[in-house]
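Text of coords05.pdb, listed as PDB, C-alpha atoms:
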```
MODEL        1
ATOM      1  CA  MET A   1      42.190  -2.631 156.956  1.00  0.00           C
ATOM      2  CA  GLY A   2      39.128  -2.071 154.774  1.00  0.00           C
ATOM      3  CA  VAL A   3      38.681  -1.756 151.049  1.00  0.00           C
ATOM      4  CA  ALA A   4      39.663   1.475 149.333  1.00  0.00           C
ATOM      5  CA  SER A   5      37.291   1.497 146.356  1.00  0.00           C
ATOM      6  CA  VAL A   6      33.911   0.221 145.222  1.00  0.00           C
ATOM      7  CA  SER A   7      35.619  -2.102 142.730  1.00  0.00           C
ATOM      8  CA  GLU A   8      37.790  -3.554 145.534  1.00  0.00           C
ATOM      9  CA  TYR A   9      34.675  -4.101 147.644  1.00  0.00           C
ATOM     10  CA  VAL A  10      32.890  -5.910 144.811  1.00  0.00           C
ATOM     11  CA  ALA A  11      35.985  -8.011 144.053  1.00  0.00           C
ATOM     12  CA  SER A  12      36.030  -9.209 147.675  1.00  0.00           C
ATOM     13  CA  LEU A  13      32.550 -10.769 147.342  1.00  0.00           C
ATOM     14  CA  ASN A  14      31.470 -14.180 146.105  1.00  0.00           C
ATOM     15  CA  GLU A  15      29.556 -14.502 142.814  1.00  0.00           C
ATOM     16  CA  LYS A  16      26.056 -14.363 144.342  1.00  0.00           C
ATOM     17  CA  GLN A  17      26.940 -11.357 146.484  1.00  0.00           C
ATOM     18  CA  GLN A  18      28.569  -9.616 143.517  1.00  0.00           C
ATOM     19  CA  ARG A  19      25.489 -10.088 141.342  1.00  0.00           C
ATOM     20  CA  HIS A  20      23.164  -8.453 143.860  1.00  0.00           C
ATOM     21  CA  ILE A  21      25.530  -5.737 145.062  1.00  0.00           C
ATOM     22  CA  CYS A  22      26.519  -4.759 141.506  1.00  0.00           C
ATOM     23  CA  ALA A  23      22.862  -4.528 140.488  1.00  0.00           C
ATOM     24  CA  PHE A  24      22.163  -2.168 143.399  1.00  0.00           C
ATOM     25  CA  ILE A  25      25.271  -0.082 142.678  1.00  0.00           C
ATOM     26  CA  GLU A  26      24.224   0.234 139.029  1.00  0.00           C
ATOM     27  CA  PHE A  27      20.696   1.214 140.108  1.00  0.00           C
ATOM     28  CA  MET A  28      21.957   3.922 142.467  1.00  0.00           C
ATOM     29  CA  ASN A  29      24.467   5.336 139.996  1.00  0.00           C
ATOM     30  CA  ALA A  30      21.882   5.421 137.180  1.00  0.00           C
ATOM     31  CA  GLU A  31      18.957   6.782 139.207  1.00  0.00           C
ATOM     32  CA  TYR A  32      20.839   9.169 141.489  1.00  0.00           C
ATOM     33  CA  PRO A  33      23.954  10.372 139.665  1.00  0.00           C
ATOM     34  CA  GLN A  34      23.928  13.551 141.756  1.00  0.00           C
ATOM     35  CA  LEU A  35      24.843  11.581 144.897  1.00  0.00           C
ATOM     36  CA  THR A  36      28.493  11.211 145.847  1.00  0.00           C
ATOM     37  CA  ASN A  37      29.561   7.541 145.889  1.00  0.00           C
ATOM     38  CA  LYS A  38      32.442   6.437 148.087  1.00  0.00           C
ATOM     39  CA  ILE A  39      33.615   3.679 150.394  1.00  0.00           C
ATOM     40  CA  SER A  40      32.805   4.358 154.003  1.00  0.00           C
ATOM     41  CA  PHE A  41      32.835   1.804 156.823  1.00  0.00           C
ATOM     42  CA  SER A  42      34.167  -0.648 154.203  1.00  0.00           C
ATOM     43  CA  MET A  43      31.006  -0.525 152.065  1.00  0.00           C
ATOM     44  CA  PRO A  44      29.701   1.454 149.074  1.00  0.00           C
ATOM     45  CA  MET A  45      27.867   4.551 150.295  1.00  0.00           C
ATOM     46  CA  TRP A  46      26.048   7.388 148.565  1.00  0.00           C
ATOM     47  CA  LEU A  47      26.145  10.663 150.445  1.00  0.00           C
ATOM     48  CA  VAL A  48      23.216  13.042 150.117  1.00  0.00           C
ATOM     49  CA  GLY A  49      25.382  15.985 151.170  1.00  0.00           C
ATOM     50  CA  LYS A  50      29.058  16.343 151.874  1.00  0.00           C
ATOM     51  CA  LYS A  51      28.962  14.545 155.250  1.00  0.00           C
ATOM     52  CA  MET A  52      27.305  11.389 156.577  1.00  0.00           C
ATOM     53  CA  ASN A  53      25.124  13.365 158.985  1.00  0.00           C
ATOM     54  CA  GLU A  54      23.504  15.012 155.945  1.00  0.00           C
ATOM     55  CA  GLY A  55      22.061  11.632 154.915  1.00  0.00           C
ATOM     56  CA  TYR A  56      23.309   8.494 153.202  1.00  0.00           C
ATOM     57  CA  VAL A  57      22.300   5.234 151.574  1.00  0.00           C
ATOM     58  CA  ALA A  58      24.761   2.325 151.635  1.00  0.00           C
ATOM     59  CA  VAL A  59      24.871  -1.342 150.672  1.00  0.00           C
ATOM     60  CA  SER A  60      26.687  -4.331 152.126  1.00  0.00           C
ATOM     61  CA  ALA A  61      26.669  -8.086 151.601  1.00  0.00           C
ATOM     62  CA  ALA A  62      26.321 -10.881 154.131  1.00  0.00           C
ATOM     63  CA  LYS A  63      26.215 -14.661 153.792  1.00  0.00           C
ATOM     64  CA  ASN A  64      22.498 -15.087 153.011  1.00  0.00           C
ATOM     65  CA  HIS A  65      21.350 -11.532 152.385  1.00  0.00           C
ATOM     66  CA  PHE A  66      22.439  -8.046 151.544  1.00  0.00           C
ATOM     67  CA  SER A  67      21.655  -4.910 153.481  1.00  0.00           C
ATOM     68  CA  ILE A  68      20.564  -1.466 152.401  1.00  0.00           C
ATOM     69  CA  HIS A  69      21.600   1.074 155.027  1.00  0.00           C
ATOM     70  CA  PHE A  70      19.888   4.410 155.674  1.00  0.00           C
ATOM     71  CA  SER A  71      21.042   7.240 157.908  1.00  0.00           C
ATOM     72  CA  ASP A  72      17.506   7.898 159.164  1.00  0.00           C
ATOM     73  CA  GLU A  73      16.315   5.391 161.773  1.00  0.00           C
ATOM     74  CA  GLU A  74      12.712   6.683 161.740  1.00  0.00           C
ATOM     75  CA  PHE A  75      12.533   6.281 157.958  1.00  0.00           C
ATOM     76  CA  LEU A  76      13.969   2.782 158.263  1.00  0.00           C
ATOM     77  CA  ASN A  77      11.458   1.793 160.956  1.00  0.00           C
ATOM     78  CA  HIS A  78       8.579   2.897 158.720  1.00  0.00           C
ATOM     79  CA  LEU A  79      10.074   1.083 155.714  1.00  0.00           C
ATOM     80  CA  SER A  80      10.559  -2.165 157.643  1.00  0.00           C
ATOM     81  CA  GLU A  81       6.852  -2.211 158.567  1.00  0.00           C
ATOM     82  CA  SER A  82       6.001  -2.515 154.864  1.00  0.00           C
ATOM     83  CA  LEU A  83       8.502  -5.342 154.245  1.00  0.00           C
ATOM     84  CA  PRO A  84       7.353  -8.434 156.154  1.00  0.00           C
ATOM     85  CA  ASN A  85       9.899 -10.683 154.381  1.00  0.00           C
ATOM     86  CA  CYS A  86      12.846  -8.570 155.526  1.00  0.00           C
ATOM     87  CA  LYS A  87      14.535  -8.230 158.877  1.00  0.00           C
ATOM     88  CA  LYS A  88      15.680  -4.883 160.169  1.00  0.00           C
ATOM     89  CA  GLY A  89      19.221  -4.469 161.389  1.00  0.00           C
ATOM     90  CA  LYS A  90      20.948  -1.482 162.908  1.00  0.00           C
ATOM     91  CA  ARG A  91      20.160   1.296 160.413  1.00  0.00           C
ATOM     92  CA  CYS A  92      19.604  -1.253 157.647  1.00  0.00           C
ATOM     93  CA  ILE A  93      17.036  -3.488 156.033  1.00  0.00           C
ATOM     94  CA  ASN A  94      18.208  -7.023 155.243  1.00  0.00           C
ATOM     95  CA  ILE A  95      17.018  -8.464 151.934  1.00  0.00           C
ATOM     96  CA  LYS A  96      17.430 -12.168 151.216  1.00  0.00           C
ATOM     97  CA  PHE A  97      19.231 -12.931 147.970  1.00  0.00           C
ATOM     98  CA  GLY A  98      16.568 -13.384 145.278  1.00  0.00           C
ATOM     99  CA  ASP A  99      13.810 -11.416 147.042  1.00  0.00           C
ATOM    100  CA  GLU A 100      13.218  -9.080 144.090  1.00  0.00           C
ATOM    101  CA  GLN A 101       9.873  -7.805 145.383  1.00  0.00           C
ATOM    102  CA  SER A 102      11.396  -6.455 148.598  1.00  0.00           C
ATOM    103  CA  LEU A 103      14.377  -5.049 146.701  1.00  0.00           C
ATOM    104  CA  ARG A 104      12.072  -3.124 144.325  1.00  0.00           C
ATOM    105  CA  ALA A 105      10.128  -1.747 147.292  1.00  0.00           C
ATOM    106  CA  VAL A 106      13.351  -0.552 148.924  1.00  0.00           C
ATOM    107  CA  GLU A 107      14.593   0.954 145.645  1.00  0.00           C
ATOM    108  CA  GLU A 108      11.292   2.800 145.234  1.00  0.00           C
ATOM    109  CA  SER A 109      11.522   4.095 148.803  1.00  0.00           C
ATOM    110  CA  ILE A 110      14.907   5.726 148.169  1.00  0.00           C
ATOM    111  CA  ARG A 111      13.228   8.635 146.354  1.00  0.00           C
ATOM    112  CA  ASP A 112      11.072   9.262 149.459  1.00  0.00           C
ATOM    113  CA  PHE A 113      14.170   9.079 151.641  1.00  0.00           C
ATOM    114  CA  LEU A 114      15.946  11.643 149.464  1.00  0.00           C
ATOM    115  CA  LYS A 115      12.939  13.981 149.640  1.00  0.00           C
ATOM    116  CA  ILE A 116      13.435  14.105 153.405  1.00  0.00           C
ATOM    117  CA  TYR A 117      16.994  15.277 152.829  1.00  0.00           C
ATOM    118  CA  GLY A 118      16.189  17.615 149.929  1.00  0.00           C
ATOM    119  CA  SER A 119      17.977  15.684 147.184  1.00  0.00           C
ATOM    120  CA  GLU A 120      15.509  14.041 144.813  1.00  0.00           C
ATOM    121  CA  GLY A 121      16.607  11.864 141.944  1.00  0.00           C
ATOM    122  CA  SER A 122      16.584  12.921 138.322  1.00  0.00           C
ATOM    123  CA  SER A 123      14.799   9.841 137.020  1.00  0.00           C
ATOM    124  CA  SER A 124      11.131   9.552 136.143  1.00  0.00           C
ATOM    125  CA  ARG A 125      10.787   6.179 137.846  1.00  0.00           C
TER
ENDMDL
END
```
Please re-express this file's structure in structure tokens.
Amino acid sequence: MGVASVSEYVASLNEKQQRHICAFIEFMNAEYPQLTNKISFSMPMWLVGKKMNEGYVAVSAAKNHFSIHFSDEEFLNHLSESLPNCKKGKRCINIKFGDEQSLRAVEESIRDFLKIYGSEGSSSR
């Protein structure tokens, strides 16, 4: 059985994972408050619409990296080309813990992703 809330998910992680996942959660909630945040597939996910097929961004932690998941495979393929330090997984980009440059690039790309789905952020970043 999976976790029921974002706080449960974070509590299940080790300290390093928590630090990186919490920072991304805080970023998403601050930059994109209009997105619905929930647990789906046992990870924090932000829905662009009411359903997953309307677009989503999610985050999960692994042993040596964390992953940012996108619903759009074409978008992800393009993004991965610009991130030579990151490996691409199934609908996700894997960022090594401490790779702040790649994380910033992914965070900046989220606005472009949301433009595809018609839900731009409210921030001036």
**Message:** Can you translate the PyMOL selection byres ((chain A and resi 88) around 12) into the concrete residues it hits in this file, as a ChimeraX atom specification?
**Reply:** /A:65-70,73,75-87,89-96
**Message:** So the first atom is atom CA of Met52 of chain A and the second is atom CA of Glu100 of chain A; what is the distance between them in Å, to one decimal place?
**Reply:**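 If I compute the distance from atom CA of Met52 of chain A to atom CA of Glu100 of chain A, I get 27.8 Å.
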**Request:** Identify which of the residues A:Gln34, A:Gln18, A:Ser7, A:Ser12 lies closest to Val48 of chain A, counting only C-alpha atoms when measuring atom-to-atom distances.
**Result:** A:Gln34
**Request:** Tell me which residues the PyMOL selection byres ((chain A and resi 5) around 12) grabs here, as a list in words.
**Result:**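 Listing what the PyMOL selection byres ((chain A and resi 5) around 12) selects in the shown file: Gly2, Val3, Ala4, Val6, Ser7, Glu8, Tyr9, Val10, Ala11, Ser12, Asn37, Lys38, Ile39, Ser40, Phe41, Ser42, Met43, Pro44 and Met45 of chain A.
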**Request:** Using all atoms listed in the file, pick whichever of A:Asn14, A:Thr36, A:Gln101, A:Ser109 has the shortest atom-to-atom distance to Ala62 of chain A.
**Result:** A:Asn14
**Prompt:** What is the atom CA of Gly118 of chain A to atom CA of Phe24 of chain A distance in Å?
**Reply:** 21.7 Å
**Message:** Restricting the calculation to only C-alpha atoms: of A:Leu35, A:Val59, A:Asp99, A:Lys51, which residue gets closest to Leu114 of chain A?
**Reply:**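 Comparing A:Leu35, A:Val59, A:Asp99, A:Lys51 against Leu114 of chain A, the winner is A:Leu35.
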**Request:** In Å, rounded to a single decimal, give me how far atom CA of Ser102 of chain A is from atom CA of Leu47 of chain A.
**Result:**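 Separating atom CA of Leu47 of chain A from atom CA of Ser102 of chain A is a distance of 22.7 Å.
Among A:Phe27, A:Gly55, A:Lys50, A:Lys63, the residue with the shortest atom-to-atom distance to Glu107 of chain A, counting only C-alpha atoms, is A:Phe27.
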Can you sort out segment 67-78 of chain A so it carries all heavy atoms, written as an mmCIF file, in the coordinates of the input?
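What landed in part24.cif:
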```
data_model
loop_
_atom_site.group_PDB
_atom_site.id
_atom_site.type_symbol
_atom_site.label_atom_id
_atom_site.label_comp_id
_atom_site.auth_asym_id
_atom_site.auth_seq_id
_atom_site.Cartn_x
_atom_site.Cartn_y
_atom_site.Cartn_z
ATOM 1 N N SER A 67 22.296 -5.934 152.658
ATOM 2 C CA SER A 67 21.655 -4.910 153.481
ATOM 3 C C SER A 67 21.729 -3.564 152.787
ATOM 4 O O SER A 67 22.751 -3.196 152.230
ATOM 5 C CB SER A 67 22.352 -4.805 154.839
ATOM 6 O OG SER A 67 22.306 -6.046 155.507
ATOM 7 N N ILE A 68 20.604 -2.842 152.860
ATOM 8 C CA ILE A 68 20.564 -1.466 152.401
ATOM 9 C C ILE A 68 20.500 -0.620 153.673
ATOM 10 O O ILE A 68 19.610 -0.805 154.498
ATOM 11 C CB ILE A 68 19.333 -1.173 151.518
ATOM 12 C CG1 ILE A 68 19.177 -2.214 150.405
ATOM 13 C CG2 ILE A 68 19.400 0.252 150.980
ATOM 14 C CD1 ILE A 68 20.266 -2.240 149.382
ATOM 15 N N HIS A 69 21.460 0.258 153.824
ATOM 16 C CA HIS A 69 21.600 1.074 155.027
ATOM 17 C C HIS A 69 21.078 2.486 154.763
ATOM 18 O O HIS A 69 21.319 3.045 153.704
ATOM 19 C CB HIS A 69 23.082 1.165 155.430
ATOM 20 C CG HIS A 69 23.732 -0.162 155.597
ATOM 21 N ND1 HIS A 69 23.991 -0.717 156.822
ATOM 22 C CD2 HIS A 69 24.185 -1.062 154.683
ATOM 23 C CE1 HIS A 69 24.575 -1.898 156.649
ATOM 24 N NE2 HIS A 69 24.701 -2.119 155.357
ATOM 25 N N PHE A 70 20.390 3.032 155.738
ATOM 26 C CA PHE A 70 19.888 4.410 155.674
ATOM 27 C C PHE A 70 20.336 5.150 156.923
ATOM 28 O O PHE A 70 20.378 4.579 158.011
ATOM 29 C CB PHE A 70 18.355 4.427 155.622
ATOM 30 C CG PHE A 70 17.781 3.880 154.351
ATOM 31 C CD1 PHE A 70 17.397 2.556 154.255
ATOM 32 C CD2 PHE A 70 17.611 4.698 153.241
ATOM 33 C CE1 PHE A 70 16.856 2.046 153.087
ATOM 34 C CE2 PHE A 70 17.075 4.206 152.067
ATOM 35 C CZ PHE A 70 16.696 2.876 151.988
ATOM 36 N N SER A 71 20.605 6.435 156.766
ATOM 37 C CA SER A 71 21.042 7.240 157.908
ATOM 38 C C SER A 71 19.901 7.602 158.841
ATOM 39 O O SER A 71 20.138 8.003 159.972
ATOM 40 C CB SER A 71 21.720 8.521 157.413
ATOM 41 O OG SER A 71 20.850 9.237 156.558
ATOM 42 N N ASP A 72 18.670 7.454 158.398
ATOM 43 C CA ASP A 72 17.506 7.898 159.164
ATOM 44 C C ASP A 72 16.778 6.700 159.774
ATOM 45 O O ASP A 72 16.116 5.939 159.076
ATOM 46 C CB ASP A 72 16.580 8.697 158.237
ATOM 47 C CG ASP A 72 15.450 9.374 158.969
ATOM 48 O OD1 ASP A 72 14.785 8.718 159.795
ATOM 49 O OD2 ASP A 72 15.222 10.558 158.700
ATOM 50 N N GLU A 73 16.914 6.533 161.068
ATOM 51 C CA GLU A 73 16.315 5.391 161.773
ATOM 52 C C GLU A 73 14.787 5.411 161.705
ATOM 53 O O GLU A 73 14.155 4.373 161.536
ATOM 54 C CB GLU A 73 16.778 5.390 163.234
ATOM 55 C CG GLU A 73 16.491 4.105 163.965
ATOM 56 C CD GLU A 73 17.396 2.950 163.559
ATOM 57 O OE1 GLU A 73 18.557 3.174 163.222
ATOM 58 O OE2 GLU A 73 16.918 1.797 163.591
ATOM 59 N N GLU A 74 14.177 6.574 161.809
ATOM 60 C CA GLU A 74 12.712 6.683 161.740
ATOM 61 C C GLU A 74 12.209 6.243 160.365
ATOM 62 O O GLU A 74 11.231 5.504 160.249
ATOM 63 C CB GLU A 74 12.285 8.125 162.030
ATOM 64 C CG GLU A 74 10.790 8.297 162.166
ATOM 65 C CD GLU A 74 10.419 9.723 162.550
ATOM 66 O OE1 GLU A 74 11.155 10.349 163.324
ATOM 67 O OE2 GLU A 74 9.393 10.194 162.053
ATOM 68 N N PHE A 75 12.879 6.694 159.321
ATOM 69 C CA PHE A 75 12.533 6.281 157.958
ATOM 70 C C PHE A 75 12.653 4.765 157.826
ATOM 71 O O PHE A 75 11.769 4.105 157.290
ATOM 72 C CB PHE A 75 13.455 6.981 156.941
ATOM 73 C CG PHE A 75 13.237 6.514 155.532
ATOM 74 C CD1 PHE A 75 12.234 7.068 154.756
ATOM 75 C CD2 PHE A 75 14.027 5.510 154.992
ATOM 76 C CE1 PHE A 75 12.014 6.619 153.454
ATOM 77 C CE2 PHE A 75 13.820 5.066 153.701
ATOM 78 C CZ PHE A 75 12.812 5.618 152.926
ATOM 79 N N LEU A 76 13.732 4.218 158.338
ATOM 80 C CA LEU A 76 13.969 2.782 158.263
ATOM 81 C C LEU A 76 12.894 1.995 159.016
ATOM 82 O O LEU A 76 12.415 0.974 158.532
ATOM 83 C CB LEU A 76 15.354 2.451 158.820
ATOM 84 C CG LEU A 76 15.777 1.001 158.707
ATOM 85 C CD1 LEU A 76 15.922 0.587 157.249
ATOM 86 C CD2 LEU A 76 17.073 0.785 159.447
ATOM 87 N N ASN A 77 12.510 2.466 160.190
ATOM 88 C CA ASN A 77 11.458 1.793 160.956
ATOM 89 C C ASN A 77 10.164 1.738 160.165
ATOM 90 O O ASN A 77 9.488 0.705 160.121
ATOM 91 C CB ASN A 77 11.235 2.495 162.293
ATOM 92 C CG ASN A 77 12.374 2.281 163.256
ATOM 93 O OD1 ASN A 77 13.132 1.323 163.143
ATOM 94 N ND2 ASN A 77 12.519 3.188 164.205
ATOM 95 N N HIS A 78 9.795 2.845 159.531
ATOM 96 C CA HIS A 78 8.579 2.897 158.720
ATOM 97 C C HIS A 78 8.695 1.942 157.524
ATOM 98 O O HIS A 78 7.765 1.207 157.216
ATOM 99 C CB HIS A 78 8.321 4.338 158.260
ATOM 100 C CG HIS A 78 7.125 4.468 157.392
ATOM 101 N ND1 HIS A 78 5.840 4.335 157.870
ATOM 102 C CD2 HIS A 78 7.015 4.706 156.061
ATOM 103 C CE1 HIS A 78 4.983 4.481 156.871
ATOM 104 N NE2 HIS A 78 5.681 4.710 155.756
#
```
